[in-house]
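S.K.: Structure incoming, see below.
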2 protein chains.
Amino acid sequence: MLPLFNEIENEIKAVEQELKNFLQAPDPFITETATHLLNAGGKRLRPAFSLLGGRYGDFDFERVLPLAMALELIHMATLVHDDVVDMSTRRRGVYTVRALWGNRVSTHVGDYLFAKSLILVSQYEDPFISKVLAQTSVKMCEGEILQIVTCYDPGQTVKDYFYRIKRKTALLISASCQLGAVACGASAGVSEPLRRYGYHLGMAFQITDDILDMVADKELLGKPVGSDLRQGILTLPAIYALAHSPQKERLFALISSREQDEEKIQEVIELIKECGGIAFANRVAQKFIARAKRELALLPARPVKKTFELIADFIHARRF
Amino acid sequence: MLPLFNEIENEIKAVEQELKNFLQAPDPFITETATHLLNAGGKRLRPAFSLLGGRYGDFDFERVLPLAMALELIHMATLVHDDVVDMSTRRRGVYTVRALWGNRVSTHVGDYLFAKSLILVSQYEDPFISKVLAQTSVKMCEGEILQIVTCYDPGQTVKDYFYRIKRKTALLISASCQLGAVACGASAGVSEPLRRYGYHLGMAFQITDDILDMVADKELLGKPVGSDLRQGILTLPAIYALAHSPQKERLFALISSREQDEEKIQEVIELIKECGGIAFANRVAQKFIARAKRELALLPARPVKKTFELIADFIHARRF
């Protein structure tokens, strides 16, 4: 767990334990496949944001708990479905649900995790929470589909990229901050700045993720560098380089070729770095962080405000 | 459309049109993939059941509409995900979302259809409808996973089969009948018998489907006979035959071999027919139909009652 979440460590542990209990199914195979990813760990960012957001209302752990669990289930469902690959594509790694049990099981296990989240969400009397999560889920799927559509497309713009990562990542983080407060009875005057904070933070989070995929230490990252490029996913540094590199024709040809060999991937990353693609993406992420902090300034003074500020700094400064 | 649905023909058409509008996305590729299955047609059983069920309350088309659309979206989402296959399995057919656009797109388009249903469901103030659909969706996933787990398993029992098809099919039909009435303000005294009617009807519907997969006219069925066996899915006639055929050892060996060649499939079907597997499954389906009708007897006299009775007879008598 991130050190920033120390103050909610016990709550996060309780969310994990409740999730483990909640995913016990009548059939042992369903339990095994559904808890596989949960047991593999994770940052639990979304539950954490909802628990912290709840502190801007009349904080009550029991009120946030179903939401926090649902947010992690939704996130896990997308991860399991992300691992479903086409026949034409080689495996990305081992130990995914897909690698262990195949595409069909992954698809249905992802569905199962998502459907389980609905049981939790339907416990809230106020339909606002389920409305926001329904809208968010639809947009997340749009982001996922667009990520496939835009693969290997060197013509995509920075705007296309923002449109996609907003859906893929930022909206669920945004909803986590906002709905944690809503679940604890906070007014819109508080939950709306939190929603916007989460949105800007989520954008910075994804941009940082995409930078790390090109520059991070392989050990810290837990996967090889360049995995986005290897899948044909063009992120901000690459899109910048395609427009600004002095060798943009070479870069265009390399990316369009769809070849996956290591030498090509390394050359693409070098070209991106040389023309300042990483530095540009860092500046953009920094701008989103600044916007996130501006939203915090609108919120009343509470101890949790400091935590939200530190998270904003960490999200971008992290090396993994 | 089924002739039995003549009285609601215009309503079904309106549901289809509203669905078409509802699935227009900002990106044309998302619209194309999401409406592909809708445009391919279908029996629209679940919307129809909700519209008919609504007639046991104070029928109001606008009240049932979001539910009817949501039910068809949930059903379509499961169909799209059913078409996601493993690398090791050959394609089942052309013109599925998967065949046209691959596993990854199918997975996310199925998710999209399902997520869109949540927007509709969250329009109901009473969380009862979303609770029932959440529970139903979880159990549907359980059924799908169990169908994969039990593939080629000659040791499964009739009880296992009932457990599976209840989840895979019967519960959503059951919820369609029940929730249509609930959406129109019907009391539990009416919606509960409708729920049970839908359950028994759904069981008979799936058993009949499974029989037709072995005996139907290929042209009427729209797909080759024996497709369940080809995928390793053992249905009621096969499970009966494994226990009662005078050649059960031969049948056991054929099914366990996992071979897919046509001669084997035809021999298995012959062995099942010879020992009365089809006749047995027909008797079981008939029992479920009788139970469904007994539930109707508990309902007050309304013109729609006759339609529900005729549907029960048709569900089992149909040849496609």
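By order of appearance in the structure tokens: chains A, B, ..., then residues from 1 within every chain, and ligands from 1 in the order shown.
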Considering only C-alpha atoms, extract the chain A residues located within 7 Å of chain B and return them as a PyMOL selection string.

M.R.: chain A and resi 81+84-87+102-105+107-108+111-112+115-116+118-119+122+125+127+130-131+134-135+137-138+141+144-145

S.K.: Hey, could you lay chain B over chain A with a least-squares C-alpha fit (all atoms, paired in order) and save it as a short mmCIF file (atom, residue, chain, number, x, y, z; two decimals) with C-alpha atoms, in the first residue's frame?

M.R.:
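Writing done, so here's superposed.cif:
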data_model
loop_
_atom_site.label_atom_id
_atom_site.label_comp_id
_atom_site.auth_asym_id
_atom_site.auth_seq_id
_atom_site.Cartn_x
_atom_site.Cartn_y
_atom_site.Cartn_z
CA MET B 1 -0.02 0.01 0.02
CA LEU B 2 1.13 3.55 -0.61
CA PRO B 3 2.62 5.24 2.50
CA LEU B 4 0.22 8.13 1.93
CA PHE B 5 -2.63 5.85 2.84
CA ASN B 6 -1.25 5.10 6.31
CA GLU B 7 -4.07 6.94 7.99
CA ILE B 8 -6.61 4.69 6.32
CA GLU B 9 -4.54 1.50 6.41
CA ASN B 10 -6.96 -0.39 8.63
CA GLU B 11 -9.93 0.69 6.56
CA ILE B 12 -8.28 -0.48 3.34
CA LYS B 13 -7.49 -3.80 4.99
CA ALA B 14 -11.12 -4.09 6.05
CA VAL B 15 -12.25 -3.36 2.48
CA GLU B 16 -9.94 -6.10 1.20
CA GLN B 17 -11.22 -8.59 3.77
CA GLU B 18 -14.85 -7.74 3.03
CA LEU B 19 -14.16 -8.17 -0.68
CA LYS B 20 -12.61 -11.56 -0.03
CA ASN B 21 -15.71 -12.65 1.89
CA PHE B 22 -18.02 -11.14 -0.69
CA LEU B 23 -16.38 -13.10 -3.51
CA GLN B 24 -16.91 -16.50 -1.90
CA ALA B 25 -19.13 -18.31 -4.40
CA PRO B 26 -21.04 -21.59 -4.12
CA ASP B 27 -18.64 -23.10 -6.66
CA PRO B 28 -14.94 -23.26 -5.65
CA PHE B 29 -13.77 -22.59 -9.20
CA ILE B 30 -15.73 -19.33 -9.29
CA THR B 31 -14.25 -18.31 -5.94
CA GLU B 32 -10.75 -19.16 -7.11
CA THR B 33 -10.93 -17.27 -10.39
CA ALA B 34 -12.81 -14.30 -8.93
CA THR B 35 -10.42 -13.78 -6.00
CA HIS B 36 -7.26 -14.45 -8.03
CA LEU B 37 -6.68 -10.83 -8.98
CA LEU B 38 -7.77 -9.50 -5.57
CA ASN B 39 -5.23 -11.75 -3.89
CA ALA B 40 -2.52 -10.51 -6.25
CA GLY B 41 -2.65 -7.16 -4.44
CA GLY B 42 -2.86 -3.67 -5.88
CA LYS B 43 -2.69 -0.04 -4.89
CA ARG B 44 -6.42 0.09 -3.96
CA LEU B 45 -6.40 3.70 -5.19
CA ARG B 46 -10.13 3.90 -5.86
CA PRO B 47 -11.29 2.57 -2.48
CA ALA B 48 -8.74 4.87 -0.84
CA PHE B 49 -10.06 7.92 -2.69
CA SER B 50 -13.62 7.09 -1.68
CA LEU B 51 -12.60 6.68 1.96
CA LEU B 52 -10.73 9.98 1.92
CA GLY B 53 -13.55 11.71 0.05
CA GLY B 54 -15.96 10.45 2.70
CA ARG B 55 -14.11 12.61 5.20
CA TYR B 56 -15.62 15.67 3.52
CA GLY B 57 -19.03 14.45 4.68
CA ASP B 58 -20.03 12.98 8.04
CA PHE B 59 -17.57 10.14 7.71
CA ASP B 60 -19.06 6.73 8.41
CA PHE B 61 -17.02 3.72 7.31
CA GLU B 62 -20.09 1.53 6.92
CA ARG B 63 -21.61 4.08 4.54
CA VAL B 64 -18.52 4.14 2.29
CA LEU B 65 -17.72 0.41 2.49
CA PRO B 66 -20.09 -0.89 -0.25
CA LEU B 67 -18.95 1.91 -2.56
CA ALA B 68 -15.25 1.31 -1.86
CA MET B 69 -15.70 -2.40 -2.57
CA ALA B 70 -17.71 -1.69 -5.72
CA LEU B 71 -15.05 0.69 -7.06
CA GLU B 72 -12.31 -1.93 -6.66
CA LEU B 73 -14.55 -4.58 -8.28
CA ILE B 74 -15.22 -2.34 -11.29
CA HIS B 75 -11.50 -1.65 -11.62
CA MET B 76 -10.63 -5.35 -11.33
CA ALA B 77 -13.30 -6.26 -13.91
CA THR B 78 -11.67 -3.91 -16.43
CA LEU B 79 -8.22 -5.37 -15.69
CA VAL B 80 -9.47 -8.93 -16.23
CA HIS B 81 -11.14 -7.92 -19.49
CA ASP B 82 -8.03 -6.03 -20.60
CA ASP B 83 -6.25 -9.35 -20.54
CA VAL B 84 -8.58 -10.93 -23.06
CA VAL B 85 -6.57 -10.98 -26.26
CA ASP B 86 -7.15 -11.85 -29.86
CA MET B 87 -5.90 -15.05 -31.38
CA SER B 88 -3.57 -13.02 -33.51
CA THR B 89 -1.87 -11.42 -30.50
CA ARG B 90 0.67 -13.21 -28.40
CA ARG B 91 0.30 -13.42 -24.65
CA ARG B 92 1.31 -10.33 -22.76
CA GLY B 93 2.34 -12.17 -19.65
CA VAL B 94 1.69 -15.11 -17.42
CA TYR B 95 -0.37 -15.30 -14.27
CA THR B 96 -3.31 -13.29 -15.61
CA VAL B 97 -6.74 -14.89 -15.28
CA ARG B 98 -6.61 -15.30 -19.02
CA ALA B 99 -3.20 -16.97 -19.05
CA LEU B 100 -4.32 -19.42 -16.39
CA TRP B 101 -7.85 -20.17 -17.53
CA GLY B 102 -8.33 -18.77 -21.05
CA ASN B 103 -10.29 -16.03 -22.77
CA ARG B 104 -13.78 -17.40 -22.10
CA VAL B 105 -13.26 -17.73 -18.38
CA SER B 106 -11.65 -14.27 -18.24
CA THR B 107 -14.60 -12.74 -20.01
CA HIS B 108 -17.15 -14.28 -17.65
CA VAL B 109 -15.05 -13.70 -14.51
CA GLY B 110 -14.72 -10.03 -15.46
CA ASP B 111 -18.50 -9.92 -15.94
CA TYR B 112 -18.96 -11.61 -12.58
CA LEU B 113 -16.78 -9.07 -10.75
CA PHE B 114 -18.66 -6.22 -12.39
CA ALA B 115 -22.08 -7.74 -11.66
CA LYS B 116 -21.08 -8.25 -8.03
CA SER B 117 -20.34 -4.52 -7.81
CA LEU B 118 -23.95 -3.82 -8.77
CA ILE B 119 -25.25 -5.71 -5.76
CA LEU B 120 -23.22 -3.37 -3.56
CA VAL B 121 -24.24 -0.24 -5.42
CA SER B 122 -27.93 -1.18 -5.29
CA GLN B 123 -27.74 -1.00 -1.48
CA TYR B 124 -27.75 2.79 -1.62
CA GLU B 125 -31.24 4.22 -1.46
CA ASP B 126 -30.24 7.37 -3.36
CA PRO B 127 -30.00 6.41 -7.08
CA PHE B 128 -27.41 9.16 -7.63
CA ILE B 129 -24.50 6.83 -6.86
CA SER B 130 -25.69 4.14 -9.28
CA LYS B 131 -26.39 6.79 -11.92
CA VAL B 132 -22.86 8.20 -11.74
CA LEU B 133 -21.30 4.73 -11.79
CA ALA B 134 -23.47 3.65 -14.72
CA GLN B 135 -22.45 6.72 -16.74
CA THR B 136 -18.82 6.17 -15.75
CA SER B 137 -18.91 2.50 -16.75
CA VAL B 138 -20.33 3.32 -20.18
CA LYS B 139 -17.60 5.88 -20.78
CA MET B 140 -14.92 3.47 -19.55
CA CYS B 141 -16.05 0.97 -22.19
CA GLU B 142 -15.93 3.71 -24.82
CA GLY B 143 -12.35 4.42 -23.77
CA GLU B 144 -11.41 0.76 -24.02
CA ILE B 145 -12.93 0.39 -27.48
CA LEU B 146 -11.26 3.59 -28.69
CA GLN B 147 -7.93 2.32 -27.40
CA ILE B 148 -8.29 -0.68 -29.70
CA VAL B 149 -9.51 1.41 -32.63
CA THR B 150 -6.59 3.84 -32.38
CA CYS B 151 -3.91 1.15 -32.09
CA TYR B 152 -0.95 1.80 -34.42
CA ASP B 153 -2.70 4.92 -35.73
CA PRO B 154 0.01 7.58 -36.10
CA GLY B 155 -2.61 10.15 -37.11
CA GLN B 156 -4.18 10.47 -33.65
CA THR B 157 -3.94 13.79 -31.82
CA VAL B 158 -3.29 14.87 -28.25
CA LYS B 159 -7.01 15.63 -28.05
CA ASP B 160 -7.84 12.02 -29.03
CA TYR B 161 -5.46 10.84 -26.32
CA PHE B 162 -7.07 13.03 -23.65
CA TYR B 163 -10.53 11.88 -24.73
CA ARG B 164 -9.43 8.26 -24.36
CA ILE B 165 -7.61 8.43 -21.01
CA LYS B 166 -10.37 10.53 -19.49
CA ARG B 167 -12.70 7.59 -20.16
CA LYS B 168 -10.23 4.80 -19.51
CA THR B 169 -8.88 6.12 -16.22
CA ALA B 170 -9.78 9.60 -15.01
CA LEU B 171 -13.55 9.26 -14.69
CA LEU B 172 -13.48 6.32 -12.25
CA ILE B 173 -10.92 8.07 -10.03
CA SER B 174 -13.06 11.18 -10.26
CA ALA B 175 -16.18 9.24 -9.26
CA SER B 176 -14.28 7.65 -6.36
CA CYS B 177 -13.44 11.03 -4.82
CA GLN B 178 -16.90 12.46 -5.47
CA LEU B 179 -19.05 9.51 -4.43
CA GLY B 180 -17.15 8.85 -1.20
CA ALA B 181 -18.24 12.31 -0.13
CA VAL B 182 -21.77 11.80 -1.46
CA ALA B 183 -22.14 8.50 0.41
CA CYS B 184 -21.35 10.40 3.63
CA GLY B 185 -23.94 13.06 2.92
CA ALA B 186 -21.67 15.82 1.61
CA SER B 187 -23.25 18.63 -0.39
CA ALA B 188 -22.55 19.29 -4.08
CA GLY B 189 -20.53 22.34 -2.97
CA VAL B 190 -17.98 19.84 -1.65
CA SER B 191 -18.47 16.77 -3.85
CA GLU B 192 -18.19 18.74 -7.10
CA PRO B 193 -14.69 20.16 -6.42
CA LEU B 194 -13.72 16.64 -5.30
CA ARG B 195 -15.05 15.24 -8.57
CA ARG B 196 -12.97 17.73 -10.54
CA TYR B 197 -9.92 17.11 -8.32
CA GLY B 198 -10.24 13.38 -9.07
CA TYR B 199 -10.60 14.03 -12.78
CA HIS B 200 -7.44 16.13 -13.04
CA LEU B 201 -5.59 13.75 -10.76
CA GLY B 202 -6.71 10.78 -12.84
CA MET B 203 -5.48 12.43 -16.04
CA ALA B 204 -2.08 13.10 -14.41
CA PHE B 205 -2.05 9.54 -13.09
CA GLN B 206 -2.54 8.00 -16.54
CA ILE B 207 -0.04 10.33 -18.23
CA THR B 208 2.50 9.40 -15.56
CA ASP B 209 1.71 5.73 -16.09
CA ASP B 210 2.30 6.17 -19.79
CA ILE B 211 5.61 7.96 -19.18
CA LEU B 212 6.74 5.23 -16.77
CA ASP B 213 5.97 2.63 -19.42
CA MET B 214 8.82 4.18 -21.41
CA VAL B 215 11.33 5.22 -18.77
CA ALA B 216 10.73 3.27 -15.56
CA ASP B 217 13.03 0.81 -13.92
CA LYS B 218 11.86 -2.60 -15.12
CA GLU B 219 12.07 -4.06 -11.61
CA LEU B 220 10.04 -1.28 -10.00
CA LEU B 221 7.47 -1.32 -12.79
CA GLY B 222 7.00 -5.09 -12.54
CA LYS B 223 6.79 -5.45 -16.32
CA PRO B 224 9.09 -4.74 -19.26
CA VAL B 225 9.38 -1.17 -20.53
CA GLY B 226 7.59 -0.38 -23.79
CA SER B 227 4.59 -2.64 -23.31
CA ASP B 228 2.20 0.02 -24.63
CA LEU B 229 4.18 0.39 -27.84
CA ARG B 230 4.39 -3.37 -28.16
CA GLN B 231 0.58 -3.46 -28.14
CA GLY B 232 0.34 -0.57 -30.56
CA ILE B 233 -1.02 1.85 -27.95
CA LEU B 234 0.26 5.34 -28.69
CA THR B 235 0.52 7.55 -25.61
CA LEU B 236 1.28 11.23 -25.08
CA PRO B 237 5.09 11.06 -25.52
CA ALA B 238 4.68 9.13 -28.78
CA ILE B 239 1.96 11.41 -30.13
CA TYR B 240 4.12 14.45 -29.33
CA ALA B 241 7.14 12.90 -31.01
CA LEU B 242 5.17 12.01 -34.16
CA ALA B 243 4.45 15.72 -34.55
CA HIS B 244 7.74 17.20 -33.35
CA SER B 245 10.60 14.75 -33.85
CA PRO B 246 13.17 15.82 -36.47
CA GLN B 247 12.93 12.15 -37.56
CA LYS B 248 9.15 12.00 -37.64
CA GLU B 249 9.07 10.14 -40.97
CA ARG B 250 11.23 7.39 -39.51
CA LEU B 251 9.07 7.28 -36.38
CA PHE B 252 5.90 7.22 -38.46
CA ALA B 253 7.22 4.28 -40.49
CA LEU B 254 8.37 2.37 -37.40
CA ILE B 255 5.03 2.76 -35.62
CA SER B 256 2.92 2.04 -38.69
CA SER B 257 4.90 -1.14 -39.43
CA ARG B 258 3.25 -2.94 -36.48
CA GLU B 259 6.40 -4.95 -35.94
CA GLN B 260 6.97 -6.06 -32.40
CA ASP B 261 10.69 -6.77 -32.26
CA GLU B 262 12.69 -5.36 -29.36
CA GLU B 263 15.11 -3.37 -31.46
CA LYS B 264 12.27 -1.45 -33.05
CA ILE B 265 10.63 -0.73 -29.69
CA GLN B 266 13.92 0.54 -28.28
CA GLU B 267 14.54 2.76 -31.31
CA VAL B 268 11.04 4.24 -31.03
CA ILE B 269 11.58 5.02 -27.33
CA GLU B 270 14.93 6.62 -28.11
CA LEU B 271 13.45 8.82 -30.84
CA ILE B 272 10.66 9.86 -28.48
CA LYS B 273 13.12 10.76 -25.71
CA GLU B 274 15.48 12.64 -28.04
CA CYS B 275 12.85 15.07 -29.26
CA GLY B 276 11.56 15.83 -25.77
CA GLY B 277 8.42 13.67 -25.80
CA ILE B 278 8.89 12.56 -22.21
CA ALA B 279 9.63 16.10 -21.01
CA PHE B 280 6.50 17.35 -22.77
CA ALA B 281 4.32 14.68 -21.18
CA ASN B 282 5.81 15.54 -17.79
CA ARG B 283 4.86 19.18 -18.24
CA VAL B 284 1.30 18.22 -19.19
CA ALA B 285 0.98 15.93 -16.16
CA GLN B 286 2.25 18.77 -14.00
CA LYS B 287 -0.46 21.04 -15.39
CA PHE B 288 -3.16 18.54 -14.47
CA ILE B 289 -1.68 18.28 -10.97
CA ALA B 290 -1.83 22.06 -10.61
CA ARG B 291 -5.46 22.02 -11.72
CA ALA B 292 -6.27 19.27 -9.23
CA LYS B 293 -4.73 21.38 -6.46
CA ARG B 294 -6.74 24.42 -7.49
CA GLU B 295 -9.91 22.40 -6.89
CA LEU B 296 -8.68 21.48 -3.41
CA ALA B 297 -8.36 25.19 -2.65
CA LEU B 298 -12.14 25.45 -2.99
CA LEU B 299 -12.70 22.90 -0.23
CA PRO B 300 -13.11 23.73 3.47
CA ALA B 301 -10.14 23.11 5.76
CA ARG B 302 -10.14 19.55 7.04
CA PRO B 303 -7.21 17.31 8.02
CA VAL B 304 -7.80 15.17 4.90
CA LYS B 305 -7.06 18.16 2.67
CA LYS B 306 -3.34 17.79 3.33
CA THR B 307 -3.53 14.11 2.33
CA PHE B 308 -5.23 14.98 -0.95
CA GLU B 309 -2.47 17.55 -1.64
CA LEU B 310 0.29 15.06 -0.92
CA ILE B 311 -1.39 12.47 -3.14
CA ALA B 312 -1.45 14.98 -6.00
CA ASP B 313 2.31 15.51 -5.64
CA PHE B 314 3.01 11.82 -5.28
CA ILE B 315 0.91 10.75 -8.27
CA HIS B 316 3.27 12.55 -10.59
CA ALA B 317 6.56 12.13 -8.70
CA ARG B 318 6.24 8.36 -8.32
CA ARG B 319 8.67 6.07 -10.07
CA PHE B 320 6.39 2.99 -10.16
#
